[in-house]
>>> print(open('my_file.csv').read())   # CSV, C-alpha atoms
chain,number,residue,atom,x,y,z
A,825,MET,CA,-28.9,201.2,164.9
A,826,LEU,CA,-28.4,198.5,162.3
A,827,GLY,CA,-24.9,197.4,161.2
A,828,GLN,CA,-25.3,198.9,157.8
A,829,ALA,CA,-26.3,202.3,159.3
A,830,ILE,CA,-23.2,202.2,161.5
A,831,ILE,CA,-20.9,201.7,158.5
A,832,THR,CA,-22.6,204.4,156.4
A,833,THR,CA,-22.5,206.9,159.4
A,834,ILE,CA,-18.8,206.3,160.0
A,835,PHE,CA,-18.0,206.6,156.3
A,836,GLY,CA,-20.0,209.8,155.9
A,837,ALA,CA,-18.3,211.4,158.8
A,838,PHE,CA,-15.0,210.2,157.5
A,839,LEU,CA,-15.3,211.9,154.1
A,840,PHE,CA,-16.0,215.4,155.2
A,841,PRO,CA,-12.9,216.3,157.3
A,842,LEU,CA,-10.7,214.4,154.8
A,843,PHE,CA,-11.9,216.6,151.9
A,844,ILE,CA,-11.6,219.8,154.1
A,845,ARG,CA,-8.1,219.1,155.3
A,846,LEU,CA,-6.8,218.1,151.8
A,847,LEU,CA,-8.6,220.8,149.7
A,848,TRP,CA,-9.6,223.9,151.6
A,849,GLY,CA,-6.2,225.2,152.8
A,850,ARG,CA,-4.6,224.5,149.4
A,851,LEU,CA,-7.3,226.3,147.5
A,852,VAL,CA,-6.9,229.3,149.8
A,853,THR,CA,-3.1,229.5,149.4
A,854,ARG,CA,-3.6,229.2,145.6
A,855,PHE,CA,-6.6,231.6,145.0
A,856,GLY,CA,-6.9,233.6,148.2
A,857,ALA,CA,-10.3,234.3,149.6
A,858,ILE,CA,-12.0,233.3,146.3
A,859,GLY,CA,-10.5,229.8,146.9
A,860,GLY,CA,-12.3,229.6,150.2
A,861,PHE,CA,-15.7,230.3,148.5
A,862,LEU,CA,-14.8,227.8,145.8
A,863,ALA,CA,-14.0,225.2,148.5
A,864,ALA,CA,-17.3,226.0,150.3
A,865,ILE,CA,-19.5,225.4,147.3
A,866,THR,CA,-17.7,222.2,146.1
A,867,ILE,CA,-17.0,220.5,149.4
A,868,VAL,CA,-19.8,221.6,151.7
A,869,GLY,CA,-22.5,221.5,148.9
A,870,THR,CA,-21.6,218.1,147.6
A,871,ILE,CA,-20.9,216.4,150.9
A,872,TRP,CA,-24.1,217.8,152.4
A,873,ILE,CA,-26.2,216.3,149.7
A,874,ILE,CA,-24.5,212.9,150.2
A,875,ASN,CA,-24.7,213.0,154.0
A,876,HIS,CA,-28.1,214.6,154.6
A,877,GLY,CA,-29.9,215.5,151.4
A,878,ILE,CA,-30.6,212.5,149.2
A,879,LYS,CA,-33.1,209.8,150.2
A,880,TYR,CA,-30.4,207.2,150.9
A,881,HIS,CA,-28.2,209.5,152.9
A,882,LEU,CA,-25.0,208.4,154.7
A,883,ILE,CA,-25.4,209.8,158.2
A,884,GLN,CA,-28.4,208.1,159.7
A,885,GLN,CA,-30.2,210.0,162.4
A,886,GLY,CA,-32.1,209.0,165.5
A,887,ARG,CA,-35.9,209.3,165.8
A,888,ASN,CA,-36.2,213.0,166.5
A,889,GLY,CA,-32.7,214.2,167.2
A,890,TRP,CA,-30.2,215.7,164.7
A,891,ILE,CA,-26.4,215.4,164.6
A,892,ASP,CA,-25.2,217.8,161.9
A,893,MET,CA,-22.1,217.0,159.8
A,894,GLY,CA,-20.6,220.3,161.1
A,895,LEU,CA,-19.6,218.2,164.2
A,896,ALA,CA,-17.6,215.9,161.8
A,897,ALA,CA,-15.8,219.0,160.4
A,898,ALA,CA,-15.0,220.3,163.8
A,899,VAL,CA,-13.8,217.0,165.3
A,900,GLY,CA,-11.8,216.1,162.2
A,901,ALA,CA,-10.1,219.5,161.9
A,902,PHE,CA,-9.3,219.3,165.7
A,903,ALA,CA,-7.9,215.8,165.4
A,904,ALA,CA,-5.7,216.8,162.4
A,905,SER,CA,-4.4,219.9,164.1
A,906,VAL,CA,-3.6,217.9,167.3
A,907,ALA,CA,-1.8,215.3,165.1
A,908,THR,CA,0.4,218.1,163.7
A,909,GLY,CA,1.3,219.6,167.0
A,910,GLY,CA,-1.6,221.8,168.2
A,911,GLU,CA,-2.1,222.1,172.0
A,912,ILE,CA,-5.4,220.8,173.4
A,913,ARG,CA,-5.2,222.9,176.6
A,914,LYS,CA,-5.1,226.2,174.7
A,915,SER,CA,-8.3,225.4,172.7
A,916,PHE,CA,-10.5,225.1,175.8
A,917,VAL,CA,-11.5,228.8,175.5
A,918,ASN,CA,-12.7,228.2,172.0
A,919,VAL,CA,-14.6,225.0,172.9
A,920,SER,CA,-16.5,226.8,175.7
A,921,ALA,CA,-17.2,229.7,173.4
A,922,ALA,CA,-18.6,227.3,170.8
A,923,VAL,CA,-20.8,225.6,173.4
A,924,VAL,CA,-22.1,229.0,174.7
A,925,GLY,CA,-22.6,230.5,171.2
A,926,GLY,CA,-24.2,227.3,169.9
A,927,ILE,CA,-26.8,227.2,172.7
A,928,ILE,CA,-27.6,230.9,172.3
A,929,SER,CA,-28.0,230.4,168.5
A,930,GLY,CA,-30.2,227.4,169.1
A,931,ILE,CA,-32.5,229.5,171.3
A,932,ILE,CA,-32.6,232.2,168.6
A,933,ILE,CA,-33.5,229.6,165.9
A,934,VAL,CA,-36.4,228.3,168.0
A,935,TYR,CA,-37.7,231.9,168.3
A,936,MET,CA,-37.4,232.3,164.5
A,937,ILE,CA,-39.7,229.4,163.7
B,621,MET,CA,-12.7,240.0,175.0
B,622,LYS,CA,-11.4,237.0,173.1
B,623,PHE,CA,-14.1,234.8,174.6
B,624,LEU,CA,-16.8,237.2,173.7
B,625,ARG,CA,-15.8,237.7,170.1
B,626,SER,CA,-15.4,233.9,169.6
B,627,THR,CA,-18.8,233.3,171.1
B,628,LEU,CA,-20.3,235.9,168.7
B,629,GLY,CA,-18.6,234.1,165.8
B,630,TYR,CA,-19.9,230.6,166.7
B,631,CYS,CA,-23.4,232.1,167.5
B,632,LEU,CA,-23.5,234.0,164.2
B,633,ALA,CA,-22.5,230.8,162.2
B,634,GLY,CA,-25.2,228.8,163.9
B,635,VAL,CA,-28.0,231.4,163.3
B,636,VAL,CA,-27.1,232.1,159.7
B,637,ILE,CA,-26.4,228.6,158.5
B,638,ASN,CA,-29.2,226.8,160.3
B,639,GLY,CA,-31.7,229.6,159.9
B,640,PHE,CA,-31.5,230.0,156.1
B,641,TRP,CA,-30.4,226.6,154.8
B,642,GLY,CA,-34.0,225.5,154.7
B,643,PHE,CA,-35.0,228.6,152.7
B,644,PHE,CA,-32.6,227.5,149.9
B,645,LEU,CA,-33.9,223.9,149.9
B,646,ASN,CA,-37.6,225.0,149.8
B,647,LYS,CA,-36.9,227.4,147.0
B,648,PHE,CA,-34.6,225.4,144.7
B,649,GLY,CA,-34.9,221.8,145.8
B,650,LEU,CA,-31.9,219.5,146.5
B,651,LEU,CA,-29.5,221.5,144.3
B,652,GLY,CA,-30.3,224.6,146.4
B,653,ALA,CA,-27.8,223.1,148.8
B,654,TYR,CA,-25.0,224.4,146.5
B,655,GLY,CA,-26.4,227.9,146.7
B,656,ALA,CA,-26.7,227.6,150.5
B,657,ALA,CA,-23.2,226.3,150.8
B,658,LEU,CA,-21.8,229.1,148.7
B,659,PHE,CA,-23.7,232.0,150.3
B,660,LEU,CA,-24.1,230.9,153.9
B,661,THR,CA,-21.0,228.7,154.6
B,662,GLY,CA,-18.7,230.7,152.3
B,663,SER,CA,-19.6,234.0,153.9
B,664,MET,CA,-19.5,232.7,157.4
B,665,TRP,CA,-16.1,231.0,156.8
B,666,TYR,CA,-14.8,234.4,155.4
B,667,ILE,CA,-15.9,236.3,158.5
B,668,ASN,CA,-14.9,233.7,161.1
B,669,HIS,CA,-11.7,232.0,159.8
B,670,TYR,CA,-10.4,234.3,157.1
B,671,VAL,CA,-10.9,237.7,158.6
B,672,GLY,CA,-10.6,236.1,162.1
B,673,LEU,CA,-13.6,236.9,164.2
B,674,ILE,CA,-12.9,233.5,166.0
B,675,LYS,CA,-9.6,234.0,167.6
B,676,HIS,CA,-7.1,231.2,168.1
B,677,ASP,CA,-3.8,231.2,170.0
B,678,GLU,CA,-0.6,230.7,168.1
B,679,ASP,CA,-0.2,226.9,168.7
B,680,SER,CA,-3.7,226.1,169.8
B,681,ALA,CA,-5.6,223.2,168.4
B,682,PHE,CA,-8.2,224.4,165.8
B,683,ILE,CA,-11.9,224.5,166.6
B,684,ASP,CA,-14.0,224.9,163.5
B,685,MET,CA,-17.2,226.9,163.4
B,686,GLY,CA,-19.0,223.6,162.5
B,687,LEU,CA,-19.0,222.8,166.3
B,688,GLY,CA,-21.3,225.8,166.9
B,689,VAL,CA,-23.6,224.8,164.0
B,690,ALA,CA,-23.9,221.2,165.4
B,691,ILE,CA,-24.5,222.3,169.0
B,692,SER,CA,-27.1,224.8,167.9
B,693,LEU,CA,-29.1,222.1,166.2
B,694,VAL,CA,-28.8,219.8,169.3
B,695,ALA,CA,-30.0,222.7,171.5
B,696,LYS,CA,-32.9,223.4,169.1
B,697,ASN,CA,-34.1,219.8,169.1
B,698,TYR,CA,-33.7,219.7,172.9
B,699,ILE,CA,-36.0,222.7,173.3
B,700,ILE,CA,-38.6,221.4,170.8
B,701,ASN,CA,-38.6,217.6,171.5
B,702,GLY,CA,-37.2,217.4,175.0
B,703,VAL,CA,-34.4,215.2,176.4
B,704,ASN,CA,-35.6,212.3,174.3
B,705,SER,CA,-34.0,213.8,171.2
B,706,ILE,CA,-30.6,213.8,172.8
B,707,VAL,CA,-30.9,210.3,174.1
B,708,ASN,CA,-31.8,208.7,170.8
B,709,SER,CA,-29.2,210.6,168.8
B,710,ILE,CA,-26.3,209.4,171.0
B,711,PRO,CA,-25.4,206.4,168.7
B,712,THR,CA,-25.2,208.8,165.7
B,713,LEU,CA,-23.0,211.2,167.8
B,714,VAL,CA,-20.6,208.4,168.8
B,715,TYR,CA,-20.1,207.1,165.2
B,716,VAL,CA,-19.8,210.6,163.7
B,717,VAL,CA,-17.0,211.4,166.2
B,718,ILE,CA,-15.2,208.1,165.5
B,719,GLY,CA,-15.4,208.6,161.7
B,720,ALA,CA,-14.4,212.3,161.8
B,721,ALA,CA,-11.4,211.7,164.0
B,722,LEU,CA,-10.3,208.9,161.6
B,723,GLY,CA,-10.8,211.2,158.6
B,724,GLY,CA,-8.7,214.0,160.0
B,725,TYR,CA,-6.0,211.6,161.0
B,726,VAL,CA,-5.9,209.9,157.6
B,727,ALA,CA,-5.7,213.3,155.9
B,728,VAL,CA,-2.6,214.1,158.0
B,729,LEU,CA,-1.1,210.7,157.2
B,730,ILE,CA,-1.6,211.4,153.4
B,731,GLU,CA,0.0,214.8,153.8
B,732,LYS,CA,3.0,213.4,155.6
B,733,ASN,CA,3.5,210.6,153.1
B,734,ASN,CA,3.2,213.1,150.2
B,735,ARG,CA,5.9,215.3,151.8
B,736,LYS,CA,8.2,212.3,152.3
B,737,THR,CA,7.8,210.9,148.8
B,738,ASN,CA,7.8,214.4,147.4
B,739,CYS,CA,4.9,213.7,145.0
B,740,GLU,CA,2.7,216.8,145.7
B,741,LYS,CA,2.5,219.1,142.7
B,742,LYS,CA,3.9,222.5,143.4
B,743,PHE,CA,1.8,225.4,142.0
>>> encode(input="my_file.csv", output="structure tokens")
Amino acid sequence: MLGQAIITTIFGAFLFPLFIRLLWGRLVTRFGAIGGFLAAITIVGTIWIINHGIKYHLIQQGRNGWIDMGLAAAVGAFAASVATGGEIRKSFVNVSAAVVGGIISGIIIVYMI
Amino acid sequence: MKFLRSTLGYCLAGVVINGFWGFFLNKFGLLGAYGAALFLTGSMWYINHYVGLIKHDEDSAFIDMGLGVAISLVAKNYIINGVNSIVNSIPTLVYVVIGAALGGYVAVLIEKNNRKTNCEKKF
């Protein structure tokens, strides 16, 4: 990876959890479930276009692999909740559930093609 | 039971979001991402984190459904392209993790500073 690609990748992954942490919860406390849908269309739609959609996107991928920006959301929300006093040991059940569920859904998607 | 319903939640998020995002892009071009974000991410967020199909303990650290989405794409590329696809996306993985951890931590710093200086607007 080139130097410019490293900087754009780090910056693209930096933007997404920052917006989620600062906007999503506040919109939900203000508008209820409607606020969550509003946050989904504004944050996820816009940041996806910047990170993966446009020609000069921020998160640069390898030759034939793909790292989705969902990983950035998960890691960023995890880091933020750890910084505000969440316990890492209690989240192991959820991490293993995410790994098992993610692999199962990957197999299902291959069958869908 | 808790493990099973959380697994179902992450699996459902991976299948719905990854399976139908391309449909919106093919149909409406780049701006179809907004429709995909509203219908797919919004509804999966509602089921998983608002209704609570993915169960967290009281003081547990939060694992977003995005982890399931990302792992599902890695598994898909592993099945189609072999172990090569994982090896040549390791640099992207490392830099994404660095940037994301930095982003979450900076957001917490902003919140703490706002609370200290009392400059957040009250609704």
>>> residues_around(input="my_file.csv", residues="stretch 843-860 of chain A", least_positions_apart="3", cutoff="10 Å", atoms="all atoms listed in the file", output="MDAnalysis selection string")
(chainID A and resid 838:840 863:868 871 897 900:901 904:905) or (chainID B and resid 658 661:663 665:666 669:671 723:728 730:731 743)
>>> closest_residue(input="my_file.csv", among="A:Gly836, A:His876, A:Arg913, A:Gly930", to="chain B", atoms="only C-alpha atoms")
A:Gly930
>>> atom_distance(input="my_file.csv", atom1="atom CA of B:Gly652", atom2="atom CA of B:Thr712")
25.5 Å
>>> closest_residue(input="my_file.csv", among="A:Ser915, A:Trp890, A:Ile933, A:Ala922", to="B:Glu678", atoms="only C-alpha atoms")
A:Ser915
>>> atom_distance(input="my_file.csv", atom1="atom CA of B:Ile683", atom2="atom CA of B:Lys696")
21.2 Å
>>> residues_around(input="my_file.csv", residues="A:Gly877", least_positions_apart="6", cutoff="10 Å", atoms="only C-alpha atoms", output="tab-separated table (two decimals) with C-alpha atoms, in the frame of the given file")
chain	number	residue	atom	x	y	z
A	869	GLY	CA	-22.50	221.50	148.90
A	870	THR	CA	-21.60	218.10	147.60
A	871	ILE	CA	-20.90	216.40	150.90
A	883	ILE	CA	-25.40	209.80	158.20
B	645	LEU	CA	-33.90	223.90	149.90
B	649	GLY	CA	-34.90	221.80	145.80
B	650	LEU	CA	-31.90	219.50	146.50
B	651	LEU	CA	-29.50	221.50	144.30
B	653	ALA	CA	-27.80	223.10	148.80
>>> atom_distance(input="my_file.csv", atom1="atom CA of A:Thr908", atom2="atom CA of A:Gly894")
21.3 Å
>>> residues_around(input="my_file.csv", residues="B:Leu624", least_positions_apart="2", cutoff="10 Å", atoms="all atoms listed in the file", output="PyMOL selection string")
(chain A and resi 921+924-925) or (chain B and resi 621-622+626-629+674-675)
>>> write_last_selection(input="my_file.csv", atoms="C-alpha atoms", output="mmCIF file, in the coordinates of the input")
data_model
loop_
_atom_site.group_PDB
_atom_site.id
_atom_site.type_symbol
_atom_site.label_atom_id
_atom_site.label_comp_id
_atom_site.auth_asym_id
_atom_site.auth_seq_id
_atom_site.Cartn_x
_atom_site.Cartn_y
_atom_site.Cartn_z
ATOM 1 C CA ALA A 921 -17.200 229.700 173.400
ATOM 2 C CA VAL A 924 -22.100 229.000 174.700
ATOM 3 C CA GLY A 925 -22.600 230.500 171.200
ATOM 4 C CA MET B 621 -12.700 240.000 175.000
ATOM 5 C CA LYS B 622 -11.400 237.000 173.100
ATOM 6 C CA SER B 626 -15.400 233.900 169.600
ATOM 7 C CA THR B 627 -18.800 233.300 171.100
ATOM 8 C CA LEU B 628 -20.300 235.900 168.700
ATOM 9 C CA GLY B 629 -18.600 234.100 165.800
ATOM 10 C CA ILE B 674 -12.900 233.500 166.000
ATOM 11 C CA LYS B 675 -9.600 234.000 167.600
#
>>> closest_residue(input="my_file.csv", among="A:Ala837, A:Val917, A:Ile932, A:Ile878", to="A:Ala898", atoms="all atoms listed in the file")
A:Ala837
>>> closest_residue(input="my_file.csv", among="B:Ala657, B:Val714, B:Leu673, B:Ile667", to="chain A", atoms="only C-alpha atoms")
B:Ala657
>>> closest_residue(input="my_file.csv", among="B:Gly719, B:Gly655, B:Phe682, B:Asn708", to="A:Lys914", atoms="all atoms listed in the file")
B:Phe682
>>> closest_residue(input="my_file.csv", among="B:Cys631, B:Ile710, B:Leu660, B:Ile699", to="chain A", atoms="all atoms listed in the file")
B:Cys631
